[in-house]
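Q: Structure: protein-v9.pdb, PDB, C-alpha atoms and all ligand atoms.
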```
ATOM      1  CA  MET I   1      24.102 -12.171 -29.770
ATOM      2  CA  ALA I   2      22.827 -14.712 -27.257
ATOM      3  CA  ALA I   3      20.042 -13.525 -24.961
ATOM      4  CA  GLN I   4      20.752 -12.802 -21.305
ATOM      5  CA  ILE I   5      19.092 -15.528 -19.274
ATOM      6  CA  ILE I   6      17.160 -13.983 -16.391
ATOM      7  CA  ASP I   7      17.907 -16.380 -13.551
ATOM      8  CA  GLY I   8      14.794 -16.459 -11.352
ATOM      9  CA  LYS I   9      16.358 -18.881  -8.883
ATOM     10  CA  ALA I  10      19.268 -16.541  -8.213
ATOM     11  CA  ILE I  11      17.076 -13.424  -8.057
ATOM     12  CA  ALA I  12      14.620 -15.141  -5.676
ATOM     13  CA  ALA I  13      17.560 -16.193  -3.449
ATOM     14  CA  LYS I  14      18.751 -12.579  -3.409
ATOM     15  CA  VAL I  15      15.258 -11.344  -2.460
ATOM     16  CA  ARG I  16      15.068 -13.941   0.342
ATOM     17  CA  GLY I  17      18.520 -12.866   1.553
ATOM     18  CA  ARG I  18      17.324  -9.258   1.817
ATOM     19  CA  ILE I  19      14.148 -10.374   3.603
ATOM     20  CA  GLY I  20      16.174 -12.497   6.064
ATOM     21  CA  SER I  21      18.384  -9.602   7.102
ATOM     22  CA  THR I  22      15.408  -7.219   7.491
ATOM     23  CA  VAL I  23      13.618  -9.860   9.597
ATOM     24  CA  SER I  24      16.688 -10.039  11.902
ATOM     25  CA  THR I  25      16.638  -6.257  12.355
ATOM     26  CA  LEU I  26      12.889  -6.244  13.045
ATOM     27  CA  LYS I  27      13.269  -9.039  15.590
ATOM     28  CA  GLU I  28      15.783  -6.913  17.501
ATOM     29  CA  GLN I  29      12.947  -4.380  17.793
ATOM     30  CA  GLY I  30      10.586  -7.093  19.079
ATOM     31  CA  ILE I  31       8.692  -7.608  15.801
ATOM     32  CA  THR I  32       8.514 -11.052  14.164
ATOM     33  CA  PRO I  33       6.744 -11.040  10.780
ATOM     34  CA  GLY I  34       4.225 -13.885  10.627
ATOM     35  CA  LEU I  35       2.492 -15.738   7.799
ATOM     36  CA  ALA I  36      -0.552 -17.984   8.237
ATOM     37  CA  VAL I  37      -1.097 -20.546   5.499
ATOM     38  CA  VAL I  38      -4.473 -22.270   5.292
ATOM     39  CA  LEU I  39      -4.924 -25.470   3.311
ATOM     40  CA  VAL I  40      -8.315 -27.140   2.927
ATOM     41  CA  GLY I  41      -8.350 -30.714   1.611
ATOM     42  CA  ASP I  42      -5.481 -32.849   0.419
ATOM     43  CA  ASP I  43      -4.676 -31.794  -3.134
ATOM     44  CA  PRO I  44      -1.084 -33.095  -3.570
ATOM     45  CA  ALA I  45       0.188 -30.050  -5.542
ATOM     46  CA  SER I  46      -1.311 -27.627  -2.986
ATOM     47  CA  ARG I  47       0.309 -29.616  -0.187
ATOM     48  CA  VAL I  48       3.733 -29.252  -1.865
ATOM     49  CA  TYR I  49       3.271 -25.466  -2.270
ATOM     50  CA  VAL I  50       2.130 -25.042   1.325
ATOM     51  CA  GLY I  51       5.118 -27.093   2.551
ATOM     52  CA  MET I  52       7.543 -24.900   0.561
ATOM     53  CA  LYS I  53       5.964 -21.685   1.868
ATOM     54  CA  LYS I  54       6.184 -22.898   5.465
ATOM     55  CA  LYS I  55       9.805 -24.066   5.086
ATOM     56  CA  MET I  56      10.998 -20.752   3.602
ATOM     57  CA  CYS I  57       9.078 -18.762   6.198
ATOM     58  CA  ILE I  58      10.871 -20.587   9.010
ATOM     59  CA  GLU I  59      14.268 -20.375   7.235
ATOM     60  CA  LEU I  60      13.945 -16.573   7.127
ATOM     61  CA  GLY I  61      13.136 -16.405  10.842
ATOM     62  CA  MET I  62       9.461 -15.571  10.378
ATOM     63  CA  TYR I  63       6.578 -16.902  12.462
ATOM     64  CA  SER I  64       4.664 -19.549  10.542
ATOM     65  CA  ALA I  65       1.122 -20.585  11.443
ATOM     66  CA  ASP I  66       0.022 -23.646   9.590
ATOM     67  CA  HIS I  67      -3.660 -24.677   9.334
ATOM     68  CA  GLU I  68      -4.371 -27.913   7.484
ATOM     69  CA  LEU I  69      -8.095 -28.590   7.439
ATOM     70  CA  PRO I  70     -10.010 -31.619   6.103
ATOM     71  CA  ALA I  71     -11.871 -31.372   2.769
ATOM     72  CA  SER I  72     -15.128 -31.641   4.751
ATOM     73  CA  THR I  73     -14.508 -28.242   6.436
ATOM     74  CA  THR I  74     -17.574 -26.039   6.054
ATOM     75  CA  GLU I  75     -17.482 -22.511   4.692
ATOM     76  CA  ALA I  76     -18.594 -21.211   8.105
ATOM     77  CA  GLU I  77     -15.701 -23.027   9.836
ATOM     78  CA  LEU I  78     -13.195 -21.608   7.360
ATOM     79  CA  LEU I  79     -14.615 -18.088   7.753
ATOM     80  CA  ALA I  80     -14.378 -18.455  11.533
ATOM     81  CA  LEU I  81     -10.684 -19.410  11.260
ATOM     82  CA  ILE I  82     -10.028 -16.410   9.009
ATOM     83  CA  GLY I  83     -11.734 -14.208  11.600
ATOM     84  CA  GLN I  84      -9.339 -15.558  14.254
ATOM     85  CA  LEU I  85      -6.291 -14.993  12.031
ATOM     86  CA  ASN I  86      -7.459 -11.448  11.214
ATOM     87  CA  ALA I  87      -7.448 -10.738  14.963
ATOM     88  CA  ASP I  88      -4.153 -12.540  15.719
ATOM     89  CA  THR I  89      -1.429  -9.898  16.132
ATOM     90  CA  ARG I  90       1.326 -12.475  15.442
ATOM     91  CA  VAL I  91      -0.009 -12.882  11.883
ATOM     92  CA  HIS I  92       0.786 -10.211   9.261
ATOM     93  CA  GLY I  93      -0.066 -12.195   6.156
ATOM     94  CA  ILE I  94      -2.823 -14.738   5.511
ATOM     95  CA  LEU I  95      -2.728 -17.038   2.549
ATOM     96  CA  VAL I  96      -5.563 -19.394   1.683
ATOM     97  CA  GLN I  97      -4.247 -21.960  -0.763
ATOM     98  CA  LEU I  98      -6.418 -22.255  -3.874
ATOM     99  CA  PRO I  99      -8.296 -24.107  -5.233
ATOM    100  CA  LEU I 100     -10.799 -24.565  -2.402
ATOM    101  CA  PRO I 101     -13.286 -27.474  -2.407
ATOM    102  CA  ASP I 102     -16.414 -26.813  -4.529
ATOM    103  CA  HIS I 103     -18.771 -26.370  -1.556
ATOM    104  CA  ILE I 104     -16.826 -23.266  -0.433
ATOM    105  CA  ASP I 105     -17.334 -19.873  -2.107
ATOM    106  CA  THR I 106     -13.774 -18.752  -2.947
ATOM    107  CA  ASP I 107     -14.687 -15.067  -3.416
ATOM    108  CA  LYS I 108     -16.418 -14.953  -0.027
ATOM    109  CA  VAL I 109     -13.329 -16.431   1.628
ATOM    110  CA  LEU I 110     -10.847 -14.114  -0.101
ATOM    111  CA  GLU I 111     -12.992 -11.108   0.808
ATOM    112  CA  ALA I 112     -13.115 -12.218   4.457
ATOM    113  CA  ILE I 113      -9.321 -11.844   4.753
ATOM    114  CA  SER I 114      -8.457  -8.466   6.255
ATOM    115  CA  PRO I 115      -7.128  -6.206   3.453
ATOM    116  CA  ASP I 116      -4.282  -5.431   5.894
ATOM    117  CA  LYS I 117      -3.204  -9.112   5.888
ATOM    118  CA  ASP I 118      -3.937 -10.006   2.255
ATOM    119  CA  ALA I 119      -0.484 -11.416   1.403
ATOM    120  CA  ASP I 120      -1.660 -12.658  -2.014
ATOM    121  CA  GLY I 121      -3.064  -9.252  -2.976
ATOM    122  CA  PHE I 122      -6.365 -10.769  -4.202
ATOM    123  CA  HIS I 123      -8.790  -8.800  -1.977
ATOM    124  CA  PRO I 124     -10.919  -6.407  -4.079
ATOM    125  CA  TYR I 125      -9.761  -3.518  -1.861
ATOM    126  CA  ASN I 126      -6.125  -4.185  -2.768
ATOM    127  CA  VAL I 127      -7.001  -4.869  -6.418
ATOM    128  CA  GLY I 128      -8.682  -1.441  -6.436
ATOM    129  CA  ARG I 129      -5.660   0.219  -4.860
ATOM    130  CA  LEU I 130      -3.438  -1.360  -7.532
ATOM    131  CA  MET I 131      -5.789   0.071 -10.167
ATOM    132  CA  ILE I 132      -5.439   3.616  -8.809
ATOM    133  CA  GLY I 133      -1.671   3.280  -8.422
ATOM    134  CA  LYS I 134      -1.638   3.031  -4.611
ATOM    135  CA  PRO I 135      -0.829  -0.613  -4.002
ATOM    136  CA  THR I 136      -0.777  -2.067  -0.501
ATOM    137  CA  PHE I 137      -0.186  -5.718  -1.301
ATOM    138  CA  GLN I 138       0.892  -6.551  -4.839
ATOM    139  CA  PRO I 139      -0.067  -9.970  -6.247
ATOM    140  CA  CYS I 140       3.013 -12.161  -5.861
ATOM    141  CA  THR I 141       3.704 -13.428  -9.402
ATOM    142  CA  PRO I 142       3.352 -10.017 -11.130
ATOM    143  CA  TYR I 143       5.354  -8.427  -8.297
ATOM    144  CA  GLY I 144       8.070 -11.021  -9.003
ATOM    145  CA  VAL I 145       8.055 -10.082 -12.706
ATOM    146  CA  MET I 146       8.653  -6.422 -11.771
ATOM    147  CA  VAL I 147      11.551  -7.357  -9.490
ATOM    148  CA  MET I 148      13.116  -9.399 -12.314
ATOM    149  CA  LEU I 149      12.917  -6.408 -14.673
ATOM    150  CA  ASP I 150      14.491  -4.237 -11.952
ATOM    151  CA  GLU I 151      17.283  -6.775 -11.474
ATOM    152  CA  ILE I 152      18.290  -6.552 -15.140
ATOM    153  CA  GLY I 153      18.064  -2.764 -14.918
ATOM    154  CA  TYR I 154      15.235  -2.500 -17.427
ATOM    155  CA  ASP I 155      13.364   0.818 -17.493
ATOM    156  CA  LEU I 156       9.786   0.390 -18.742
ATOM    157  CA  LYS I 157       9.176   4.097 -19.360
ATOM    158  CA  GLY I 158       7.808   4.628 -22.875
ATOM    159  CA  LYS I 159       8.300   0.967 -23.829
ATOM    160  CA  GLU I 160       5.703  -1.159 -25.668
ATOM    161  CA  VAL I 161       4.649  -4.025 -23.390
ATOM    162  CA  VAL I 162       2.433  -6.801 -24.705
ATOM    163  CA  VAL I 163       0.854  -9.037 -22.056
ATOM    164  CA  VAL I 164      -0.643 -12.254 -23.389
ATOM    165  CA  GLY I 165      -3.347 -13.381 -20.923
ATOM    166  CA  ARG I 166      -5.858 -11.371 -18.878
ATOM    167  CA  SER I 167      -6.319 -13.392 -15.687
ATOM    168  CA  ASN I 168      -6.931 -11.632 -12.393
ATOM    169  CA  ILE I 169      -3.848 -13.222 -10.843
ATOM    170  CA  VAL I 170      -1.277 -12.540 -13.572
ATOM    171  CA  GLY I 171      -2.266 -10.800 -16.823
ATOM    172  CA  LYS I 172      -4.336  -7.868 -15.527
ATOM    173  CA  PRO I 173      -2.195  -6.987 -12.485
ATOM    174  CA  VAL I 174       1.099  -7.240 -14.383
ATOM    175  CA  ALA I 175      -0.356  -4.953 -17.076
ATOM    176  CA  LEU I 176      -1.345  -2.381 -14.404
ATOM    177  CA  MET I 177       2.099  -2.539 -12.827
ATOM    178  CA  CYS I 178       3.767  -1.903 -16.206
ATOM    179  CA  LEU I 179       1.340   0.976 -16.833
ATOM    180  CA  SER I 180       2.230   2.541 -13.483
ATOM    181  CA  ARG I 181       5.840   2.493 -14.663
ATOM    182  CA  HIS I 182       4.851   4.458 -17.772
ATOM    183  CA  ALA I 183       4.918   1.644 -20.343
ATOM    184  CA  THR I 184       2.410   1.569 -23.199
ATOM    185  CA  VAL I 185       0.543  -1.648 -22.495
ATOM    186  CA  THR I 186      -1.519  -3.964 -24.684
ATOM    187  CA  ILE I 187      -3.381  -6.872 -23.086
ATOM    188  CA  CYS I 188      -4.129  -9.832 -25.382
ATOM    189  CA  HIS I 189      -6.452 -12.789 -24.826
ATOM    190  CA  SER I 190      -8.123 -15.656 -26.631
ATOM    191  CA  ARG I 191     -10.186 -13.324 -28.861
ATOM    192  CA  THR I 192      -7.300 -11.052 -29.882
ATOM    193  CA  LYS I 193      -6.966 -10.799 -33.664
ATOM    194  CA  ASP I 194      -3.554 -11.216 -35.307
ATOM    195  CA  LEU I 195      -1.783 -12.072 -32.051
ATOM    196  CA  PRO I 196       1.604 -12.641 -33.786
ATOM    197  CA  ASP I 197       1.503  -9.102 -35.227
ATOM    198  CA  VAL I 198       0.632  -7.583 -31.846
ATOM    199  CA  VAL I 199       3.455  -9.471 -30.127
ATOM    200  CA  ARG I 200       5.892  -8.380 -32.874
ATOM    201  CA  ARG I 201       5.426  -4.757 -31.731
ATOM    202  CA  ALA I 202       6.557  -5.505 -28.193
ATOM    203  CA  ASP I 203       9.727  -4.296 -26.514
ATOM    204  CA  VAL I 204       8.659  -6.540 -23.616
ATOM    205  CA  VAL I 205       6.517  -9.661 -24.000
ATOM    206  CA  ILE I 206       4.893 -11.089 -20.879
ATOM    207  CA  ALA I 207       3.276 -14.452 -21.590
ATOM    208  CA  ALA I 208       0.721 -15.817 -19.091
ATOM    209  CA  VAL I 209      -1.486 -18.126 -21.107
ATOM    210  CA  GLY I 210      -1.017 -21.686 -19.880
ATOM    211  CA  LYS I 211      -0.411 -23.191 -23.330
ATOM    212  CA  ALA I 212       2.895 -24.899 -24.036
ATOM    213  CA  GLU I 213       5.157 -22.847 -26.350
ATOM    214  CA  MET I 214       2.210 -21.025 -27.893
ATOM    215  CA  VAL I 215       4.152 -17.774 -28.405
ATOM    216  CA  LYS I 216       6.491 -18.540 -31.292
ATOM    217  CA  GLY I 217      10.108 -17.471 -31.511
ATOM    218  CA  ASP I 218       9.592 -15.581 -34.774
ATOM    219  CA  TRP I 219       6.938 -13.361 -33.092
ATOM    220  CA  ILE I 220       9.666 -11.841 -30.928
ATOM    221  CA  LYS I 221      11.058  -8.493 -32.067
ATOM    222  CA  PRO I 222      14.869  -8.683 -32.163
ATOM    223  CA  GLY I 223      16.198  -7.283 -28.890
ATOM    224  CA  ALA I 224      12.912  -7.648 -26.967
ATOM    225  CA  VAL I 225      12.745  -8.825 -23.351
ATOM    226  CA  VAL I 226      10.692 -11.993 -22.877
ATOM    227  CA  ILE I 227       9.096 -12.886 -19.549
ATOM    228  CA  ASP I 228       7.471 -16.307 -19.598
ATOM    229  CA  VAL I 229       5.069 -16.892 -16.696
ATOM    230  CA  GLY I 230       3.614 -20.133 -18.090
ATOM    231  CA  ILE I 231       4.218 -23.485 -16.474
ATOM    232  CA  ASN I 232       3.081 -26.386 -18.632
ATOM    233  CA  ARG I 233       3.725 -30.056 -18.026
ATOM    234  CA  VAL I 234       4.685 -31.928 -21.192
ATOM    235  CA  GLY I 235       4.823 -35.712 -20.819
ATOM    236  CA  GLU I 236       5.782 -37.229 -17.471
ATOM    237  CA  LYS I 237       8.492 -34.911 -16.234
ATOM    238  CA  LYS I 238       9.206 -32.017 -18.609
ATOM    239  CA  LEU I 239       8.053 -28.473 -17.832
ATOM    240  CA  VAL I 240       7.887 -25.828 -20.557
ATOM    241  CA  GLY I 241       6.689 -22.232 -20.662
ATOM    242  CA  ASP I 242       4.219 -20.431 -22.904
ATOM    243  CA  VAL I 243       7.048 -19.246 -25.185
ATOM    244  CA  GLU I 244       8.975 -21.311 -27.724
ATOM    245  CA  TYR I 245      12.119 -20.836 -25.685
ATOM    246  CA  ALA I 246      15.023 -21.861 -27.957
ATOM    247  CA  ALA I 247      13.794 -19.873 -30.977
ATOM    248  CA  ALA I 248      12.798 -16.855 -28.841
ATOM    249  CA  ALA I 249      16.199 -16.833 -27.092
ATOM    250  CA  GLU I 250      17.872 -16.373 -30.493
ATOM    251  CA  ARG I 251      16.050 -13.048 -30.982
ATOM    252  CA  ALA I 252      15.475 -11.708 -27.462
ATOM    253  CA  SER I 253      17.961  -9.548 -25.559
ATOM    254  CA  ALA I 254      16.879 -11.182 -22.287
ATOM    255  CA  ILE I 255      14.560 -14.085 -21.473
ATOM    256  CA  THR I 256      13.292 -16.044 -18.474
ATOM    257  CA  PRO I 257      13.697 -19.831 -18.660
ATOM    258  CA  VAL I 258      11.066 -22.369 -17.553
ATOM    259  CA  PRO I 259      11.676 -23.832 -15.045
ATOM    260  CA  GLY I 260      13.923 -21.491 -13.054
ATOM    261  CA  GLY I 261      12.453 -18.185 -14.244
ATOM    262  CA  VAL I 262       9.329 -16.540 -12.851
ATOM    263  CA  GLY I 263       8.331 -19.649 -10.853
ATOM    264  CA  PRO I 264      10.805 -19.256  -7.946
ATOM    265  CA  MET I 265       9.891 -15.567  -7.574
ATOM    266  CA  THR I 266       6.304 -16.150  -6.456
ATOM    267  CA  ILE I 267       7.006 -17.539  -2.965
ATOM    268  CA  ALA I 268       9.804 -14.999  -2.424
ATOM    269  CA  MET I 269       7.327 -12.179  -3.095
ATOM    270  CA  LEU I 270       4.753 -13.738  -0.747
ATOM    271  CA  LEU I 271       7.357 -13.506   2.016
ATOM    272  CA  GLN I 272       8.230  -9.969   0.918
ATOM    273  CA  ASN I 273       4.529  -9.015   1.191
ATOM    274  CA  THR I 274       4.386 -10.497   4.707
ATOM    275  CA  LEU I 275       7.491  -8.549   5.710
ATOM    276  CA  GLU I 276       6.106  -5.276   4.310
ATOM    277  CA  SER I 277       2.836  -5.921   6.173
ATOM    278  CA  ALA I 278       4.695  -6.403   9.476
ATOM    279  CA  GLN I 279       6.576  -3.148   8.841
ATOM    280  CA  ARG I 280       3.281  -1.324   8.195
ATOM    281  CA  ALA I 281       1.682  -2.858  11.309
ATOM    282  CA  ALA I 282       4.607  -1.612  13.393
ATOM    283  CA  THR I 283       3.923   1.967  12.336
ATOM    284  CA  ARG I 284       0.152   1.832  12.913
TER     285      ARG I 284
HETATM  286  P1  LIG I 301      -5.687 -18.428 -16.865
HETATM  287  O1  LIG I 301      -6.090 -19.731 -17.481
HETATM  288  O2  LIG I 301      -6.484 -17.866 -15.760
HETATM  289  O3  LIG I 301      -5.639 -17.329 -18.035
HETATM  290  C1  LIG I 301      -5.077 -17.604 -19.274
HETATM  291  C2  LIG I 301      -5.255 -16.430 -20.185
HETATM  292  O4  LIG I 301      -4.690 -16.761 -21.445
HETATM  293  C3  LIG I 301      -6.711 -16.013 -20.420
HETATM  294  O5  LIG I 301      -6.851 -14.627 -20.309
HETATM  295  C4  LIG I 301      -6.981 -16.498 -21.843
HETATM  296  O6  LIG I 301      -7.871 -15.665 -22.575
HETATM  297  C5  LIG I 301      -5.604 -16.378 -22.465
HETATM  298  N1  LIG I 301      -5.494 -17.287 -23.620
HETATM  299  C6  LIG I 301      -5.847 -18.589 -23.700
HETATM  300  N2  LIG I 301      -5.624 -19.037 -24.935
HETATM  301  C7  LIG I 301      -5.144 -18.006 -25.664
HETATM  302  C8  LIG I 301      -4.750 -17.854 -27.000
HETATM  303  N3  LIG I 301      -4.800 -18.876 -27.865
HETATM  304  N4  LIG I 301      -4.309 -16.644 -27.421
HETATM  305  C9  LIG I 301      -4.236 -15.606 -26.549
HETATM  306  N5  LIG I 301      -4.603 -15.699 -25.254
HETATM  307  C10 LIG I 301      -5.048 -16.885 -24.818
HETATM  308  O7  LIG I 301      -4.161 -18.597 -16.477
HETATM  309  P2  LIG I 301      -3.245 -17.888 -15.369
HETATM  310  O8  LIG I 301      -3.084 -16.452 -15.661
HETATM  311  O9  LIG I 301      -3.702 -18.318 -14.033
HETATM  312  O10 LIG I 301      -1.870 -18.640 -15.643
HETATM  313  C11 LIG I 301      -1.199 -18.540 -16.884
HETATM  314  C12 LIG I 301       0.018 -19.431 -16.860
HETATM  315  O11 LIG I 301       0.892 -18.977 -15.849
HETATM  316  C13 LIG I 301      -0.262 -20.894 -16.516
HETATM  317  O12 LIG I 301       0.650 -21.707 -17.232
HETATM  318  C14 LIG I 301       0.037 -20.978 -15.029
HETATM  319  O13 LIG I 301       0.449 -22.280 -14.648
HETATM  320  C15 LIG I 301       1.177 -20.020 -14.927
HETATM  321  N6  LIG I 301       1.330 -19.434 -13.607
HETATM  322  C16 LIG I 301       2.586 -19.414 -13.072
HETATM  323  C17 LIG I 301       2.821 -18.856 -11.849
HETATM  324  C18 LIG I 301       4.208 -18.838 -11.336
HETATM  325  O14 LIG I 301       4.403 -18.815 -10.133
HETATM  326  N7  LIG I 301       5.203 -18.803 -12.204
HETATM  327  C19 LIG I 301       1.745 -18.307 -11.034
HETATM  328  C20 LIG I 301       0.466 -18.263 -11.718
HETATM  329  C21 LIG I 301       0.290 -18.839 -12.949
HETATM  330  P3  LIG I 301      -9.440 -15.496 -22.211
HETATM  331  O15 LIG I 301      -9.459 -14.587 -21.028
HETATM  332  O16 LIG I 301     -10.009 -14.890 -23.434
HETATM  333  O17 LIG I 301      -9.949 -16.873 -21.916
END
```
Before we go any further, please render this structure as structure tokens.

A:
Amino acid sequence: MAAQIIDGKAIAAKVRGRIGSTVSTLKEQGITPGLAVVLVGDDPASRVYVGMKKKMCIELGMYSADHELPASTTEAELLALIGQLNADTRVHGILVQLPLPDHIDTDKVLEAISPDKDADGFHPYNVGRLMIGKPTFQPCTPYGVMVMLDEIGYDLKGKEVVVVGRSNIVGKPVALMCLSRHATVTICHSRTKDLPDVVRRADVVIAAVGKAEMVKGDWIKPGAVVIDVGINRVGEKKLVGDVEYAAAAERASAITPVPGGVGPMTIAMLLQNTLESAQRAATR
């Protein structure tokens, strides 16, 4: 039987639709959720991401504060701006677009963002809360993966999840989120022995490696759900995931495509985090 294709574009549009209507209700109560996006330098890919975030923020009726700073900005100047945004009551989420120029200490900057406005969920305080099962902000891409599983009605309880990749932004947080939903979780990385055999055990495979089609179709247990976080450019224009899609789709019960799978979810969840932050601020 052909695998169900998990349509990230459609799910992200649905999430944005829900956000838009909640924003309208909040505005009637005098609350406008606001996101500040900070870009340092002129990396073309970062500029595209920042532009998309700003556009969607405005489309959903949110307040958008845009700070585009030259590459020569000092660490002290950036920290001063973050201090201002932390104090600005119109701003409920602060996102500093990475990567930052080499002369700026990324960890210092991320830790300067108020944990109450940490829309990316990267502040150690929020990472710690995720670890103990009390998340405040959930990192956007893993949060998007969870929403996709919810949308297909998949219950993780008691299931074997294999996460390939252990980065702080995808692999580790997605593993913790699956654990909090009572899955049995294995995290694999570049030193894992017999990776194909580990993946073959999985009811759910989450691939976040950054290597084109590295997870082979015949590693997929028949009926497994495959979530492919990878985005890899092949040649001039083609994008592929970390999973050998066509072969995996023949065995999986459900699979995310690349592009059009996890990718569109990330910005939607950033906006969701900003909305949730505004709701929390209103009750403080
Ligand atoms: P990182 O490079 O930070 O981490 C990659 C992980 O894969 C590491 O833990 C590494 O292991 C592991 N790995 C590398 N080679 C192998 C191998 N041969 N076998 C098993 N594990 C291996 O990547 P990210 O987590 O930041 O991103 C992963 C992918 O997801 C990328 O393609 C990225 O573009 C994409 N991405 C997509 C997003 C979206 O919005 N859809 C958002 C974020 C990322 P080790 O730790 O041992 O080095």

Q: Counting only C-alpha atoms, find the residues whose atoms lie at most 8 Å from (-6.0, -4.3, -0.5) (file coordinates) and write them out as an NGL selection string.

A: :I and (115-116 or 118 or 121-129 or 135-137)

Q: Name each residue within 6 Å of ligand LIG 301 (chain I), counting only C-alpha atoms and all ligand atoms, as a PDB file with C-alpha atoms, keeping the file's coordinate frame.

A:
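Result file part-v4.pdb:
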```pdb
ATOM      1  CA  THR I 141       3.704 -13.428  -9.402  1.00  0.00           C
ATOM      2  CA  VAL I 164      -0.643 -12.254 -23.389  1.00  0.00           C
ATOM      3  CA  GLY I 165      -3.347 -13.381 -20.923  1.00  0.00           C
ATOM      4  CA  ARG I 166      -5.858 -11.371 -18.878  1.00  0.00           C
ATOM      5  CA  SER I 167      -6.319 -13.392 -15.687  1.00  0.00           C
ATOM      6  CA  ILE I 169      -3.848 -13.222 -10.843  1.00  0.00           C
ATOM      7  CA  VAL I 170      -1.277 -12.540 -13.572  1.00  0.00           C
ATOM      8  CA  GLY I 171      -2.266 -10.800 -16.823  1.00  0.00           C
ATOM      9  CA  CYS I 188      -4.129  -9.832 -25.382  1.00  0.00           C
ATOM     10  CA  HIS I 189      -6.452 -12.789 -24.826  1.00  0.00           C
ATOM     11  CA  SER I 190      -8.123 -15.656 -26.631  1.00  0.00           C
ATOM     12  CA  ARG I 191     -10.186 -13.324 -28.861  1.00  0.00           C
ATOM     13  CA  ALA I 208       0.721 -15.817 -19.091  1.00  0.00           C
ATOM     14  CA  VAL I 209      -1.486 -18.126 -21.107  1.00  0.00           C
ATOM     15  CA  GLY I 210      -1.017 -21.686 -19.880  1.00  0.00           C
ATOM     16  CA  VAL I 229       5.069 -16.892 -16.696  1.00  0.00           C
ATOM     17  CA  GLY I 230       3.614 -20.133 -18.090  1.00  0.00           C
ATOM     18  CA  ILE I 231       4.218 -23.485 -16.474  1.00  0.00           C
ATOM     19  CA  ASN I 232       3.081 -26.386 -18.632  1.00  0.00           C
ATOM     20  CA  VAL I 262       9.329 -16.540 -12.851  1.00  0.00           C
ATOM     21  CA  GLY I 263       8.331 -19.649 -10.853  1.00  0.00           C
ATOM     22  CA  THR I 266       6.304 -16.150  -6.456  1.00  0.00           C
TER      23      THR I 266
END
```

Q: Taking all atoms listed in the file into account, which of I:Ala119, I:Ile11, I:Val204, I:Met131 comes nearest I:Met265?

A: I:Ile11

Q: Return as a list in words the set of residues that the PyMOL selection byres (((chain I and resi 195) around 12) and not hetatm) yields on the displayed structure.

A: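 Given this file, the PyMOL selection byres (((chain I and resi 195) around 12) and not hetatm) evaluates to Val162, Val163, Val164, Gly165, Thr186, Ile187, Cys188, His189, Ser190, Arg191, Thr192, Lys193, Asp194, Pro196, Asp197, Val198, Val199, Arg200, Arg201, Ala202, Val205, Ala207, Met214, Val215, Lys216, Trp219 and Ile220 of chain I.
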
Q: What would the file look like if the residues just selected were written as a short mmCIF file (atom, residue, chain, number, x, y, z; two decimals), in the coordinates of the input with C-alpha atoms?

A:
```cif
data_model
loop_
_atom_site.label_atom_id
_atom_site.label_comp_id
_atom_site.auth_asym_id
_atom_site.auth_seq_id
_atom_site.Cartn_x
_atom_site.Cartn_y
_atom_site.Cartn_z
CA VAL I 162 2.43 -6.80 -24.70
CA VAL I 163 0.85 -9.04 -22.06
CA VAL I 164 -0.64 -12.25 -23.39
CA GLY I 165 -3.35 -13.38 -20.92
CA THR I 186 -1.52 -3.96 -24.68
CA ILE I 187 -3.38 -6.87 -23.09
CA CYS I 188 -4.13 -9.83 -25.38
CA HIS I 189 -6.45 -12.79 -24.83
CA SER I 190 -8.12 -15.66 -26.63
CA ARG I 191 -10.19 -13.32 -28.86
CA THR I 192 -7.30 -11.05 -29.88
CA LYS I 193 -6.97 -10.80 -33.66
CA ASP I 194 -3.55 -11.22 -35.31
CA PRO I 196 1.60 -12.64 -33.79
CA ASP I 197 1.50 -9.10 -35.23
CA VAL I 198 0.63 -7.58 -31.85
CA VAL I 199 3.46 -9.47 -30.13
CA ARG I 200 5.89 -8.38 -32.87
CA ARG I 201 5.43 -4.76 -31.73
CA ALA I 202 6.56 -5.50 -28.19
CA VAL I 205 6.52 -9.66 -24.00
CA ALA I 207 3.28 -14.45 -21.59
CA MET I 214 2.21 -21.02 -27.89
CA VAL I 215 4.15 -17.77 -28.40
CA LYS I 216 6.49 -18.54 -31.29
CA TRP I 219 6.94 -13.36 -33.09
CA ILE I 220 9.67 -11.84 -30.93
#
```

Q: Quick one: pull the distance between atom CA of I:Ala254 and atom CA of I:Glu151, Å, one decimal.

A: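 Going from atom CA of I:Ala254 over to atom CA of I:Glu151, I get 11.7 Å.
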
Q: For a test of reading the model, state the distance in Å between atom CA of I:Lys221 and atom CA of I:Gln138, rounded to one decimal.

A: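 So the two atoms, atom CA of I:Lys221 and atom CA of I:Gln138, lie 29.1 Å apart.
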
Q: When you count all atoms listed in the file, which of these residues is closest to I:Pro44: I:Gln97, I:Ser24, I:Gln29, I:Ser64?

A: I:Gln97

Q: Ranking I:Lys117, I:Lys14, I:Lys211, I:Lys134 by minimum distance to I:Met177 and counting all atoms listed in the file, which one comes first?

A: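 Once distances to I:Met177 are computed over all atoms listed in the file, the minimum belongs to I:Lys134.
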
Q: Separation of atom CA of I:Leu270 and atom CA of I:Leu69, in Å?

A: 21.3 Å
